[in-house]
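I have placed the structure first, in the form of structure tokens, so that the comments after it can refer back to it.
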Amino acid sequence: MIGSIVGAGLKIGGSIYGGIKASKAMKQMRANIQSQMKENQDWYDRRYNEDATQRADAQRALTLTEEAIKRRNQAAEGSQAVIGGTDESVAAAKQANAQSMADTTANIAVNADARKDNIEQQYINRKQQFNEQLNNLTQENAKQMSQAVQGAGNAGADIAGMF
């Protein structure tokens with residue numbers, strides 16, 4: 001009988017110990033997920049609010065466009081000086097070049113909007129995944145606690161049944 005009581009006591013102790021260890025593991029997992037959620041938020045805030053015109057690809061496009069405009073303006077002015085073109089033809093070339101710069105800037109803005117949409121979608125997807133992980137963790141924690149309580153209850157019933 002004493003052996004049975006000791007065995008039941010060990011079951012209770014094991015259930016409690018297992019519940020404590022599972023709870024600690026769940027807390028650590030929750031902390032890791034919450035850390036990842038914060039990193040995701042920081043990534044989103046940083047990337048979503050970037051100035052699209054300051055990105056390297058946009059700067060390169062603007063620089064190439066400016067260089068092309070400068071070359072075309074110099075060519076138009078050179079042609080006027082050599083073959084006697086009119087001031088209107090130079091003005092027309094400069095106007096066309098200005099439109100080219102406006103088009104490049106507009107393309108950068110369009111690409112920036114698409115990039116922001118993509119960043120936002122990635123952020124939402126990650127956030128949903130993290131929330132799902134937290135929900136699963138909460139469910140698993142409840143299951144673990146239920147099993148620990150049930151194990152202790154069964155062991156207590158075994159002890160009560162001995163008397």
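In the structure tokens, each chain is lettered A, B, ... as it comes, each chain's residues begin at 1, and ligands are numbered from 1 in order of appearance.
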Q. Quick one: residues within 10 Å of Phe130 of chain A, only C-alpha atoms counted, chain neighbours fewer than 4 positions away excluded, as a list in words?
A.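 Contacts, in chain order: Arg30, Ile33, Gln34, Gln36, Met37, Asn40, Ile124, Asn125, Arg126, Leu134, Asn135 and Asn136 of chain A.
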**Q.** atom CA of Glu132 of chain A to atom CA of Met29 of chain A, distance in Å rounded to a single decimal
**A.**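 Atom-to-atom, atom CA of Glu132 of chain A and atom CA of Met29 of chain A are spaced 13.0 Å apart.
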Q: Could you give me, as a list in words, the residues within 12 Å of Ala61 of chain A, counting only C-alpha atoms and dropping anything in the same chain fewer than 2 positions from it?
A: Ala52, Thr53, Gln54, Arg55, Ala56, Asp57, Ala58, Gln59, Thr63, Leu64, Thr65, Glu66, Glu67, Ala68, Ser100, Met101, Ala102, Asp103, Thr104, Thr105, Ala106, Asn107 and Ile108 of chain A
Please produce a file of the residues just selected, as a PDB file, in the first residue's frame, where the atoms kept are N, CA and C atoms.
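So out.pdb came out as:
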ATOM      1  N   ALA A  52      11.206  56.841 -51.808  1.00  0.00           N
ATOM      2  CA  ALA A  52      11.497  56.084 -53.032  1.00  0.00           C
ATOM      3  C   ALA A  52      12.526  56.776 -53.906  1.00  0.00           C
ATOM      4  N   THR A  53      12.564  58.094 -53.867  1.00  0.00           N
ATOM      5  CA  THR A  53      13.525  58.804 -54.723  1.00  0.00           C
ATOM      6  C   THR A  53      14.953  58.689 -54.198  1.00  0.00           C
ATOM      7  N   GLN A  54      15.117  58.254 -52.954  1.00  0.00           N
ATOM      8  CA  GLN A  54      16.452  58.123 -52.389  1.00  0.00           C
ATOM      9  C   GLN A  54      17.017  56.706 -52.525  1.00  0.00           C
ATOM     10  N   ARG A  55      16.209  55.806 -53.044  1.00  0.00           N
ATOM     11  CA  ARG A  55      16.696  54.433 -53.262  1.00  0.00           C
ATOM     12  C   ARG A  55      17.738  54.442 -54.385  1.00  0.00           C
ATOM     13  N   ALA A  56      18.659  53.510 -54.333  1.00  0.00           N
ATOM     14  CA  ALA A  56      19.755  53.461 -55.310  1.00  0.00           C
ATOM     15  C   ALA A  56      19.241  53.311 -56.742  1.00  0.00           C
ATOM     16  N   ASP A  57      18.220  52.477 -56.944  1.00  0.00           N
ATOM     17  CA  ASP A  57      17.719  52.287 -58.303  1.00  0.00           C
ATOM     18  C   ASP A  57      17.079  53.566 -58.846  1.00  0.00           C
ATOM     19  N   ALA A  58      16.377  54.289 -57.997  1.00  0.00           N
ATOM     20  CA  ALA A  58      15.757  55.542 -58.428  1.00  0.00           C
ATOM     21  C   ALA A  58      16.817  56.607 -58.701  1.00  0.00           C
ATOM     22  N   GLN A  59      17.826  56.674 -57.832  1.00  0.00           N
ATOM     23  CA  GLN A  59      18.903  57.642 -58.036  1.00  0.00           C
ATOM     24  C   GLN A  59      19.637  57.370 -59.353  1.00  0.00           C
ATOM     25  N   THR A  63      19.865  59.934 -62.425  1.00  0.00           N
ATOM     26  CA  THR A  63      21.189  60.354 -62.895  1.00  0.00           C
ATOM     27  C   THR A  63      21.351  60.068 -64.388  1.00  0.00           C
ATOM     28  N   LEU A  64      20.950  58.881 -64.812  1.00  0.00           N
ATOM     29  CA  LEU A  64      21.051  58.543 -66.243  1.00  0.00           C
ATOM     30  C   LEU A  64      20.182  59.468 -67.088  1.00  0.00           C
ATOM     31  N   THR A  65      19.014  59.783 -66.616  1.00  0.00           N
ATOM     32  CA  THR A  65      18.123  60.679 -67.353  1.00  0.00           C
ATOM     33  C   THR A  65      18.723  62.081 -67.425  1.00  0.00           C
ATOM     34  N   GLU A  66      19.256  62.559 -66.309  1.00  0.00           N
ATOM     35  CA  GLU A  66      19.880  63.888 -66.311  1.00  0.00           C
ATOM     36  C   GLU A  66      21.070  63.946 -67.263  1.00  0.00           C
ATOM     37  N   GLU A  67      21.883  62.890 -67.267  1.00  0.00           N
ATOM     38  CA  GLU A  67      23.033  62.859 -68.178  1.00  0.00           C
ATOM     39  C   GLU A  67      22.582  62.846 -69.629  1.00  0.00           C
ATOM     40  N   ALA A  68      21.556  62.078 -69.942  1.00  0.00           N
ATOM     41  CA  ALA A  68      21.035  62.025 -71.313  1.00  0.00           C
ATOM     42  C   ALA A  68      20.469  63.387 -71.723  1.00  0.00           C
ATOM     43  N   SER A 100      10.946  64.164 -70.456  1.00  0.00           N
ATOM     44  CA  SER A 100      11.627  62.891 -70.179  1.00  0.00           C
ATOM     45  C   SER A 100      11.925  62.757 -68.686  1.00  0.00           C
ATOM     46  N   MET A 101      12.360  63.845 -68.062  1.00  0.00           N
ATOM     47  CA  MET A 101      12.638  63.830 -66.613  1.00  0.00           C
ATOM     48  C   MET A 101      11.343  63.648 -65.834  1.00  0.00           C
ATOM     49  N   ALA A 102      10.287  64.305 -66.269  1.00  0.00           N
ATOM     50  CA  ALA A 102       8.983  64.157 -65.598  1.00  0.00           C
ATOM     51  C   ALA A 102       8.492  62.712 -65.709  1.00  0.00           C
ATOM     52  N   ASP A 103       8.679  62.107 -66.879  1.00  0.00           N
ATOM     53  CA  ASP A 103       8.263  60.713 -67.063  1.00  0.00           C
ATOM     54  C   ASP A 103       9.061  59.779 -66.152  1.00  0.00           C
ATOM     55  N   THR A 104      10.349  60.003 -66.040  1.00  0.00           N
ATOM     56  CA  THR A 104      11.196  59.177 -65.168  1.00  0.00           C
ATOM     57  C   THR A 104      10.739  59.301 -63.719  1.00  0.00           C
ATOM     58  N   THR A 105      10.463  60.512 -63.288  1.00  0.00           N
ATOM     59  CA  THR A 105      10.005  60.736 -61.920  1.00  0.00           C
ATOM     60  C   THR A 105       8.650  60.075 -61.681  1.00  0.00           C
ATOM     61  N   ALA A 106       7.768  60.162 -62.659  1.00  0.00           N
ATOM     62  CA  ALA A 106       6.455  59.524 -62.538  1.00  0.00           C
ATOM     63  C   ALA A 106       6.600  58.009 -62.446  1.00  0.00           C
ATOM     64  N   ASN A 107       7.511  57.432 -63.228  1.00  0.00           N
ATOM     65  CA  ASN A 107       7.752  55.991 -63.161  1.00  0.00           C
ATOM     66  C   ASN A 107       8.276  55.578 -61.790  1.00  0.00           C
ATOM     67  N   ILE A 108       9.128  56.400 -61.212  1.00  0.00           N
ATOM     68  CA  ILE A 108       9.644  56.113 -59.865  1.00  0.00           C
ATOM     69  C   ILE A 108       8.497  56.104 -58.864  1.00  0.00           C
TER      70      ILE A 108
END
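Counting only C-alpha atoms, the residue from A:Val110, A:Leu62, A:Lys27, A:Asp117 that sits nearest to Asn49 of chain A is A:Asp117.
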Q. Any idea what the distance is between atom CA of Ala96 of chain A and atom CA of Ser79 of chain A?
A. 16.2 Å
Q) With only C-alpha atoms as the basis for distance, which of A:Thr138, A:Lys70, A:Glu88, A:Tyr44 is at the shortest distance from Asn118 of chain A? A) A:Tyr44
(Q) Which residue is closest to Ala31 of chain A? Choose from A:Asn97, A:Gln139, A:Ser146, A:Gln133 and count only C-alpha atoms. (A) A:Gln133
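Reported to one decimal place, the separation of atom CA of Ala109 of chain A from atom CA of Arg46 of chain A is 17.8 Å.
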Q.
Which residues are near Asn73 of chain A? Cut-off 8 Å, only C-alpha atoms, ignore same chain within fewer than 2 positions. Put them as a PyMOL selection string.
A. chain A and resi 69-71+75-77+90+93-94+97
Same residues, N, CA, C and O atoms, output as an mmCIF file, in the first residue's frame:
data_model
loop_
_atom_site.group_PDB
_atom_site.id
_atom_site.type_symbol
_atom_site.label_atom_id
_atom_site.label_comp_id
_atom_site.auth_asym_id
_atom_site.auth_seq_id
_atom_site.Cartn_x
_atom_site.Cartn_y
_atom_site.Cartn_z
ATOM 1 N N ILE A 69 19.775 64.021 -70.815
ATOM 2 C CA ILE A 69 19.211 65.356 -71.096
ATOM 3 C C ILE A 69 20.326 66.354 -71.363
ATOM 4 O O ILE A 69 20.255 67.149 -72.314
ATOM 5 N N LYS A 70 21.341 66.307 -70.528
ATOM 6 C CA LYS A 70 22.459 67.239 -70.694
ATOM 7 C C LYS A 70 23.115 67.031 -72.066
ATOM 8 O O LYS A 70 23.396 68.009 -72.778
ATOM 9 N N ARG A 71 23.324 65.777 -72.448
ATOM 10 C CA ARG A 71 23.937 65.499 -73.760
ATOM 11 C C ARG A 71 23.040 65.987 -74.900
ATOM 12 O O ARG A 71 23.513 66.583 -75.873
ATOM 13 N N ALA A 75 23.859 68.892 -77.586
ATOM 14 C CA ALA A 75 23.803 68.588 -79.025
ATOM 15 C C ALA A 75 22.893 69.580 -79.740
ATOM 16 O O ALA A 75 23.219 70.053 -80.842
ATOM 17 N N ALA A 76 21.752 69.918 -79.131
ATOM 18 C CA ALA A 76 20.828 70.872 -79.764
ATOM 19 C C ALA A 76 21.472 72.244 -79.861
ATOM 20 O O ALA A 76 21.366 72.922 -80.907
ATOM 21 N N GLU A 77 22.164 72.654 -78.792
ATOM 22 C CA GLU A 77 22.837 73.961 -78.839
ATOM 23 C C GLU A 77 23.986 73.950 -79.843
ATOM 24 O O GLU A 77 24.216 74.936 -80.552
ATOM 25 N N VAL A 90 15.819 74.718 -80.194
ATOM 26 C CA VAL A 90 16.528 74.423 -78.946
ATOM 27 C C VAL A 90 15.528 74.361 -77.798
ATOM 28 O O VAL A 90 15.585 73.454 -76.951
ATOM 29 N N ALA A 93 13.633 71.108 -77.944
ATOM 30 C CA ALA A 93 14.455 69.988 -77.463
ATOM 31 C C ALA A 93 14.520 69.997 -75.936
ATOM 32 O O ALA A 93 14.410 68.943 -75.294
ATOM 33 N N LYS A 94 14.678 71.187 -75.368
ATOM 34 C CA LYS A 94 14.730 71.286 -73.901
ATOM 35 C C LYS A 94 13.396 70.907 -73.278
ATOM 36 O O LYS A 94 13.349 70.271 -72.228
ATOM 37 N N ASN A 97 13.139 67.195 -73.320
ATOM 38 C CA ASN A 97 14.003 66.641 -72.281
ATOM 39 C C ASN A 97 13.386 66.795 -70.891
ATOM 40 O O ASN A 97 13.497 65.902 -70.055
#
(Q) I'd like the contact shell of Ala25 of chain A - 12 Å cut-off, only C-alpha atoms, skipping same-chain residues fewer than 5 positions apart - returned as JSON, numbers by chain. (A) {"A": [18, 19, 20, 30, 31, 32, 137, 138, 140, 141, 144]}
